[in-house]
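Below: the structure, in structure tokens.
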Amino acid sequence: MFPFLALLDSEHVDEELLLAVSRVAPVIASGSTPESTIRYLLVEDSTSTDVNQIITVLDNGADKAIVPLSLAKSLLGTVPAHRLLLLLDVANVSAVSDSVRNAVSGVLLKTSSSSDFGLDVDLVHSVSRFFVSASVHVLAPDLPTPSIIRKLAAIGASVVIPFSQLTLGSTSQEMISIADAFLAPIVSDRPDGLFPTVISSDLHGKRSLGLVYSSCESVAESIRTGKGVYHSRKHGLWRKGETSGATQDVVRIRVDCDVDALEFSVVQHGAGFCHLNRASCFGDLDGLAALERTLVSRLVDAPEGSYTRRLFNDEELLRAKIMEEADELCRAKTKEEVAFEAADLIYFTLTRCVAAGVSIKHIERSLDKKAMKISRRPGNAKQQWMAKTESPKVELSKAEAPKASSAPFINRNGPIQMRTVDMSAVSPEDRAKLLKRPVLKSDEMIAKVKPIVDNVRTHGDSALRELTAKFDKAQLDTPLLLPPFYPLAPEAQQLDPAVRDAIDVAYSNVYKFHAAQIDGAPLIVETMPGVTCTRFARPIARVGLYVPGGTAVLPSTALMLGVPAQVAGCEKIVMATPPRADGSISPEVLYVAHKVGAHAILRAGGAQAVAALAYGTETVPKVDKIFGPGNQWVTAAKMLVQNDTDALVSIDMPAGPSEVLVIADDTCNPAFVAADLLSQAEHGIDSQVVLVASSLPETVLAEVEEEVDKQAHALGRVDIVRESVAKSLIVKTQGPEIAMEFSNDYAPEHLILHLRDAPAWVDQVKNAGSVFVGPYSPESCGDYASGTNHTLPTNGYARQFSGVNTQSFQKHITSQEVTMDGLQTLGPIVATLADCEGLQAHANAQPPPPPPPQPPPPPPPPPPPPPPPLTAKAPFANTPPA
């Protein structure tokens with residue numbers, strides 16, 4: 001337990017203060033600290049630090065990493081929980097998911113005002129209950145007091161104190177003493193207030209040397225001076241070795257789990273800790289510690305001519321003894337034999353270490369550092385230690401199934417042959433290993449390409465010219481070529497007419513197939529009356545097409561990337577390809593660039609080309625998506641830039657070594673099968689080649705192997721083929737159903753079916769980049785001119801990714817149109833769901849329904865009838881006129 005953590009908040013910290021703090025507390029820093037410190041890496045800005053940088057720092061010895069939530073999600077499953085702390089503002093605790101909470105060992109809470117600090121212990125306590133069994137650390141701008149430190153410790157939390165607030169002197173209103181901060185939560189259970197203190201030897205695996213007592217005064221003095229200072233119950237302050245010379249250097253002071261006792265880890269000088277002039281009060285050293293002491297003594301005073309002196313003086317003798325004992329240990333059978341031979345080996349090994357000035361402590365530090373590594377090497381043996389026994393044919397049993405990363409011995413004078421595995425004798429665990437590809441050290445490669453990418457991003461064209469001169473030996477005045485590329489460009493005149501005609505045919509086939517893929521007409525669906533949803537495609541505006549080149553000529557890749565970009569209607573097509581030594585581009589690639597309507601050609605390759613496409617330079621336009629295969633430098637650069645939000649660029653797919661899986665039964669032509677296997681094996685020594693033999697008779701299988709050997713020896717790239725084939729597999733299965741099941745689990749880049757009624761088996765294919773059906777569909781047809789695309793997912797990514805196609809160059813946009821009548825029906829549903837999620841503004845976005853229609857006004861009353869015509873009333877009827 002650490003009562004507090006110290007935050008390195010300045011580049012200039014007093015060295016004495018730093019060493020004193022490191023004796024009692026971990027140091028939180030964004031940069032480097034002395035090796036003796038317990039170091040926690042602090043990452044506050046997730047945009048300027050990537051996952052690989054964090055892993056590198058942890059690999060180099062940092063104990064833990066403190067990272068914001070956005071980075072923690074990227075580290076899940078990669079960095080062990082005990083190496084990871086979460087950096088959080090108090091207000092954001094609720095944003096932590098269960099998966100993140102369970103993948104970290106603690107949290108550092110940042111508060112912006114004292115009202116949020118440890119004074120509000122209930123707040124911190126609630127956080128500690130959320131992070132069950134995890135450490136909780138609190139950082140606030142105000143100076144913590146010993147009282148606050150005690151309150152936090154009582155609920156299992158600790159305080160983070162900046163170095164600017166720590167002092168070796170007395171506590172004041174501006175500073176707190178390191179000793180006061182360390183001792184604040186410690187409570188003695190003794191009447192005299194002293195703390196029981198165990199002394200252990202740092203050089204001997206924390207072996208106990210004795211038991212003493214400490215006081216607040218003695219602990220403060222030890223922290224300040226770095227020397228062993230304790231409290232004698234009779235004489236008060238006791239400076240160990242002040243009179244005897246048996247002094248101690250304090251390495252670390254720790255508190256026990258009950259916070260009432262201490263442990264001092266020390267380097268003991270002189271005769272030893274005990275007053276009887278022994279190393280320990282509990283007896284003398286034994287085991288490795290005793291052996292080391294004896295050897296150190298004999299290095300100084302062993303008599304001339306003695307065996308030990310000969311070992312120290314004769315390096316060849318010592319080397320021979322170490323190798324002899326290592327061999328005998330490997331041959332030992334029983335527990336007793338193993339222990340006996342291991343003891344001999346350790347004796348000679350420790351003799352070698354003592355002669356070189358290496359102590360057991362140095363070895364332990366190296367072991368600790370290795371144990372802290374997150375990035376792991378495959379662990380293969382070096383070639384000279386691999387068994388070199390040759391056998392004409394090895395069939396691997398269940399117990400001998402190959403590991404994915406094994407490096408078999410290659411007999412360069414023997415036949416070129418594959419390894420064989422019978423699936424009926426392979427366990428599920430070993431079957432899973434067969435499906436694995438070699439481990440790609442992407443983290444290491446990304447770290448290597450990052451300086452190149454950063455250089456181009458910062459210096460633009462000047463960096464491109466410099467890197468092209470370095471890697472491609474070409475001196476360029478400008479990295480960018482603009483149209484016309486053909487036929488006016490001087491290099492275009494070198495184009496062989498036969499190659500041009502072949503390109504024309506290939507272009508026609510590829511264009512025809514990719515034009516049929518375009519997503520043209522919008523998709524329109526009325527999901528309910530008055531609600532119409534639409535999806536329509538738009539081309540990605542600016543695309544970068546990486547075409548590997550240099551010594552090789554790859555117009556096929558230019559076709560496979562350029563044609564779908566042209567069909568999709570991309571506004572700007574930028575090709576990138578390494579130039580030849582004279583700065584020129586191969587005429588074949590120039591001709592394809594002309595055919596597909598490329599707008600520019602970047603004369604650069606590798607990570608520098610990817611960086612220029614991702615970020616743009618003075619002359620190179622920035623693109624929105626980067627396509628194309630390449631070596632591990634290109635692949636790592638693509639992965640790096642796609643994860644940089646400043647670049648705003650995507651990539652086509654992850655890339656790996658080329659691969660093919662062939663399923664063959666008794667109807668196959670062995671020469672055809674061998675040719676298909678070798679067509680991928682010649683790509684590189686890391687090519688993945690698998691033959692799945694579906695109930696294939698042994699005689700036919702033998703013919704296939706003979707053809708592989710015969711055809712391989714006739715190839716110009718036979719040395720490459722020899723290595724790739726030696727790592728390739730023949731997998732024997734019972735029937736095509738099991739063979740297809742294995743293929744689907746393997747998810748190959750290229751799948752070739754040499755089966756009876758091969759077209760009927762295409763429906764059973766679930767995972768593959770591209771399928772080649774029947775004996776007359778060689779993989780090379782798809783590579784060049786059948787019409788399908790040869791830029792395909794490798795490394796098992798065919799489970800999730802498609803190969804490059806026209807829609808790879810399009811993006812899809814959706815729209816919705818809701819009428820007034822439709823909104824009357826849909827609006828209440830939307831508002832109900834928004835209220836359910838607590839998103840009031842979403843609910844408010846629904847306009848109120850129109851008022852219900854009012855009934856029409858009543859018709860006006862009819863007009864009154866007209867009055868009757870006037871007539872003389874009866875009494876006057878007979879009255880004569882006047």
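For the structure tokens, the naming scheme is as follows: chains receive sequential letters (A, B, ...) according to their order of presentation, residues are indexed from 1 within each chain, and ligands are indexed from 1 in presentation order.
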
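Neighbours of segment 628-644 of chain A closer than or equal to 6 Å, with only C-alpha atoms counted and sequence neighbours fewer than 2 positions away skipped, come out as Met445, Ile446, Leu545, Tyr546, Pro548, Gly606, Ala607, Asp646, Ala647, Val649 and Ser650 of chain A.
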
Please identify which residues in segment 421-498 of chain A DSSP calls alpha helix (DSSP H) from the backbone, and express them as number ranges by chain. A: 428-434, 442-459, 461-471, 497-498

Go ahead and save the residues from that selection, with C-alpha atoms, as a short mmCIF file (atom, residue, chain, number, x, y, z; two decimals), in the first residue's frame.
data_model
loop_
_atom_site.label_atom_id
_atom_site.label_comp_id
_atom_site.auth_asym_id
_atom_site.auth_seq_id
_atom_site.Cartn_x
_atom_site.Cartn_y
_atom_site.Cartn_z
CA PRO A 428 -8.95 -29.44 -31.43
CA GLU A 429 -6.17 -27.37 -29.86
CA ASP A 430 -3.66 -28.38 -32.53
CA ARG A 431 -6.24 -27.85 -35.26
CA ALA A 432 -6.63 -24.28 -34.03
CA LYS A 433 -2.87 -23.83 -34.32
CA LEU A 434 -2.96 -25.00 -37.93
CA SER A 442 2.61 -4.81 -36.23
CA ASP A 443 3.45 -2.85 -33.10
CA GLU A 444 7.15 -2.96 -33.86
CA MET A 445 6.63 -2.01 -37.49
CA ILE A 446 4.33 0.90 -36.64
CA ALA A 447 6.99 2.22 -34.27
CA LYS A 448 9.53 2.00 -37.11
CA VAL A 449 7.38 3.76 -39.72
CA LYS A 450 6.11 6.52 -37.44
CA PRO A 451 9.26 8.69 -37.77
CA ILE A 452 8.99 8.40 -41.56
CA VAL A 453 5.30 9.34 -41.55
CA ASP A 454 5.93 12.25 -39.18
CA ASN A 455 8.80 13.49 -41.35
CA VAL A 456 6.63 13.62 -44.47
CA ARG A 457 3.73 15.13 -42.56
CA THR A 458 5.98 17.92 -41.25
CA HIS A 459 8.33 18.58 -44.18
CA ASP A 461 7.94 17.40 -50.57
CA SER A 462 11.45 17.94 -49.21
CA ALA A 463 11.05 14.85 -46.99
CA LEU A 464 9.69 12.87 -49.95
CA ARG A 465 12.69 13.78 -52.09
CA GLU A 466 15.10 12.93 -49.27
CA LEU A 467 13.48 9.56 -48.50
CA THR A 468 13.17 8.61 -52.17
CA ALA A 469 16.87 9.29 -52.60
CA LYS A 470 17.62 7.18 -49.53
CA PHE A 471 15.40 4.16 -50.24
CA PRO A 497 3.29 -3.74 -78.09
CA ALA A 498 2.49 -7.29 -76.96
#

Need the shell around His754 of chain A: protein/DNA/RNA residues with any atom at most 6 Å away, counting only C-alpha atoms. Skip same-chain ones fewer than 2 positions apart. Format as an MDAnalysis selection string? chainID A and resid 663:664 668 774:775

Could you save the residues just selected, with C-alpha atoms, as a short mmCIF file (atom, residue, chain, number, x, y, z; two decimals), in the first residue's frame?
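What follows is the written file result-v5.cif:
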data_model
loop_
_atom_site.label_atom_id
_atom_site.label_comp_id
_atom_site.auth_asym_id
_atom_site.auth_seq_id
_atom_site.Cartn_x
_atom_site.Cartn_y
_atom_site.Cartn_z
CA ILE A 663 -8.72 -28.58 -52.02
CA ALA A 664 -8.02 -31.62 -54.18
CA CYS A 668 -7.20 -33.83 -59.62
CA GLY A 774 -12.07 -26.48 -61.45
CA PRO A 775 -8.77 -27.56 -62.98
#

Can you pull out every residue within 12 Å of Asp98 of chain A, counting only C-alpha atoms, but drop anything in the same chain fewer than 6 positions away, and send it as a compact mmCIF listing (two decimals) with all heavy atoms, in the first residue's frame?
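The resulting file, out05.txt, is reproduced below:
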# COMPACT_ATOMS: atom_id res chain seq x y z
N LYS A 73 -10.08 2.00 -23.79
CA LYS A 73 -10.86 1.07 -24.61
C LYS A 73 -9.99 0.39 -25.65
O LYS A 73 -10.21 -0.77 -26.00
CB LYS A 73 -12.02 1.82 -25.28
CG LYS A 73 -13.06 2.35 -24.29
CD LYS A 73 -14.13 3.17 -24.99
CE LYS A 73 -15.15 3.71 -24.00
NZ LYS A 73 -16.16 4.57 -24.64
N LEU A 76 -7.79 -2.51 -23.98
CA LEU A 76 -8.44 -3.67 -23.39
C LEU A 76 -7.97 -4.95 -24.07
O LEU A 76 -7.92 -5.04 -25.29
CB LEU A 76 -9.97 -3.57 -23.51
CG LEU A 76 -10.65 -2.40 -22.81
CD1 LEU A 76 -12.15 -2.56 -22.85
CD2 LEU A 76 -10.19 -2.28 -21.37
N VAL A 104 -9.23 -2.63 -15.72
CA VAL A 104 -8.24 -1.74 -15.11
C VAL A 104 -8.10 -2.11 -13.63
O VAL A 104 -8.97 -2.74 -13.04
CB VAL A 104 -8.63 -0.25 -15.25
CG1 VAL A 104 -8.72 0.15 -16.71
CG2 VAL A 104 -9.95 0.05 -14.54
N PHE A 130 -17.83 1.72 -6.76
CA PHE A 130 -18.06 1.40 -8.17
C PHE A 130 -16.88 0.59 -8.72
O PHE A 130 -17.06 -0.39 -9.44
CB PHE A 130 -18.24 2.69 -8.97
CG PHE A 130 -18.46 2.48 -10.44
CD1 PHE A 130 -19.66 2.00 -10.92
CD2 PHE A 130 -17.45 2.74 -11.36
CE1 PHE A 130 -19.87 1.80 -12.28
CE2 PHE A 130 -17.63 2.54 -12.71
CZ PHE A 130 -18.86 2.08 -13.17
N PHE A 131 -15.65 1.00 -8.37
CA PHE A 131 -14.45 0.28 -8.80
C PHE A 131 -14.08 -0.73 -7.72
O PHE A 131 -13.15 -0.53 -6.94
CB PHE A 131 -13.30 1.25 -9.07
CG PHE A 131 -13.47 2.08 -10.30
CD1 PHE A 131 -14.06 3.33 -10.23
CD2 PHE A 131 -13.06 1.61 -11.53
CE1 PHE A 131 -14.22 4.10 -11.37
CE2 PHE A 131 -13.22 2.37 -12.68
CZ PHE A 131 -13.81 3.60 -12.60
N VAL A 132 -14.84 -1.83 -7.68
CA VAL A 132 -14.69 -2.81 -6.62
C VAL A 132 -13.28 -3.41 -6.68
O VAL A 132 -12.78 -3.78 -7.74
CB VAL A 132 -15.75 -3.92 -6.76
CG1 VAL A 132 -15.58 -4.94 -5.65
CG2 VAL A 132 -17.14 -3.31 -6.74

Excluding same-chain residues fewer than 2 positions from Ala693 of chain A, what lies within 10 Å of it counting only C-alpha atoms, as a short mmCIF file (atom, residue, chain, number, x, y, z; two decimals) with N, CA and C atoms, in the first residue's frame?
data_model
loop_
_atom_site.label_atom_id
_atom_site.label_comp_id
_atom_site.auth_asym_id
_atom_site.auth_seq_id
_atom_site.Cartn_x
_atom_site.Cartn_y
_atom_site.Cartn_z
N THR A 420 3.15 -32.70 -43.59
CA THR A 420 1.85 -33.36 -43.70
C THR A 420 1.23 -33.55 -42.32
N ASP A 422 -2.36 -35.23 -40.56
CA ASP A 422 -3.59 -36.01 -40.73
C ASP A 422 -4.61 -35.48 -39.72
N VAL A 662 -5.63 -25.01 -51.55
CA VAL A 662 -6.12 -25.87 -52.64
C VAL A 662 -6.80 -27.08 -52.02
N ILE A 663 -8.04 -27.34 -52.42
CA ILE A 663 -8.72 -28.58 -52.02
C ILE A 663 -8.71 -29.51 -53.23
N ALA A 664 -8.16 -30.69 -53.05
CA ALA A 664 -8.02 -31.62 -54.18
C ALA A 664 -8.51 -33.01 -53.77
N ASP A 665 -9.20 -33.68 -54.70
CA ASP A 665 -9.60 -35.06 -54.47
C ASP A 665 -8.97 -35.95 -55.54
N ASP A 666 -9.46 -37.19 -55.65
CA ASP A 666 -8.82 -38.16 -56.55
C ASP A 666 -8.99 -37.83 -58.02
N VAL A 690 -1.32 -24.05 -48.57
CA VAL A 690 -1.95 -25.19 -47.91
C VAL A 690 -2.63 -26.06 -48.97
N LEU A 691 -2.38 -27.35 -48.92
CA LEU A 691 -3.09 -28.32 -49.74
C LEU A 691 -3.96 -29.15 -48.81
N SER A 695 -9.60 -37.10 -49.04
CA SER A 695 -9.56 -38.55 -49.31
C SER A 695 -8.65 -38.85 -50.50
N LEU A 696 -7.54 -38.13 -50.57
CA LEU A 696 -6.63 -38.27 -51.71
C LEU A 696 -5.78 -39.53 -51.52
N PRO A 697 -5.79 -40.44 -52.49
CA PRO A 697 -4.97 -41.65 -52.35
C PRO A 697 -3.49 -41.29 -52.18
N GLU A 698 -2.78 -42.12 -51.43
CA GLU A 698 -1.37 -41.85 -51.15
C GLU A 698 -0.56 -41.77 -52.44
N VAL A 700 -1.55 -40.64 -55.37
CA VAL A 700 -1.79 -39.34 -56.00
C VAL A 700 -1.10 -38.24 -55.20
N LEU A 701 -1.16 -38.35 -53.88
CA LEU A 701 -0.50 -37.35 -53.03
C LEU A 701 1.01 -37.36 -53.28
N ILE A 730 0.36 -29.92 -45.96
CA ILE A 730 -0.63 -30.81 -46.56
C ILE A 730 -1.52 -31.30 -45.43
N VAL A 731 -2.80 -31.02 -45.52
CA VAL A 731 -3.76 -31.41 -44.49
C VAL A 731 -4.63 -32.53 -45.06
N LYS A 732 -4.52 -33.72 -44.50
CA LYS A 732 -5.28 -34.87 -44.99
C LYS A 732 -6.62 -34.94 -44.27
N THR A 733 -7.69 -34.98 -45.05
CA THR A 733 -9.04 -35.06 -44.47
C THR A 733 -9.80 -36.22 -45.11
N GLN A 734 -10.85 -36.62 -44.40
CA GLN A 734 -11.72 -37.68 -44.91
C GLN A 734 -12.93 -37.06 -45.58
N GLY A 735 -12.85 -36.83 -46.88
CA GLY A 735 -14.00 -36.33 -47.63
C GLY A 735 -14.01 -34.82 -47.80
N PRO A 736 -14.73 -34.34 -48.83
CA PRO A 736 -14.76 -32.91 -49.15
C PRO A 736 -15.48 -32.07 -48.10
N ALA A 739 -12.97 -31.18 -45.58
CA ALA A 739 -12.00 -30.29 -46.24
C ALA A 739 -12.57 -28.88 -46.35
N HIS A 754 -10.04 -28.25 -56.81
CA HIS A 754 -9.76 -29.36 -57.73
C HIS A 754 -10.60 -30.55 -57.26
#

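When atom CA of Gln824 of chain A is paired with atom CA of Gly530 of chain A, their separation reads 9.2 Å.
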
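Interatomic distance, atom CA of Thr788 of chain A to atom CA of Asp652 of chain A: 16.2 Å.
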
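Residues surrounding Val219 of chain A within 9 Å are A:Ala179, A:Leu183, A:Ser214, A:Ser215, A:Cys216, A:Glu217, A:Glu221, A:Ser222, A:Ile223, A:Arg224, A:Gly228, A:Val229, A:Tyr230, A:His231, A:Ile253 [only C-alpha atoms; sequence separation below 2 positions excluded].
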
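Residue nearest Ala320 of chain A, chosen from A:Leu345, A:Leu561, A:Ala153, A:Asp821 and counting only C-alpha atoms: A:Leu345.
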
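For Pro196 of chain A, the residues within 7 Å (counting only C-alpha atoms, excluding itself and residues fewer than 6 positions away along the chain) are A:Val212, A:Tyr213, A:Ser214, A:Ala261, A:Leu262.
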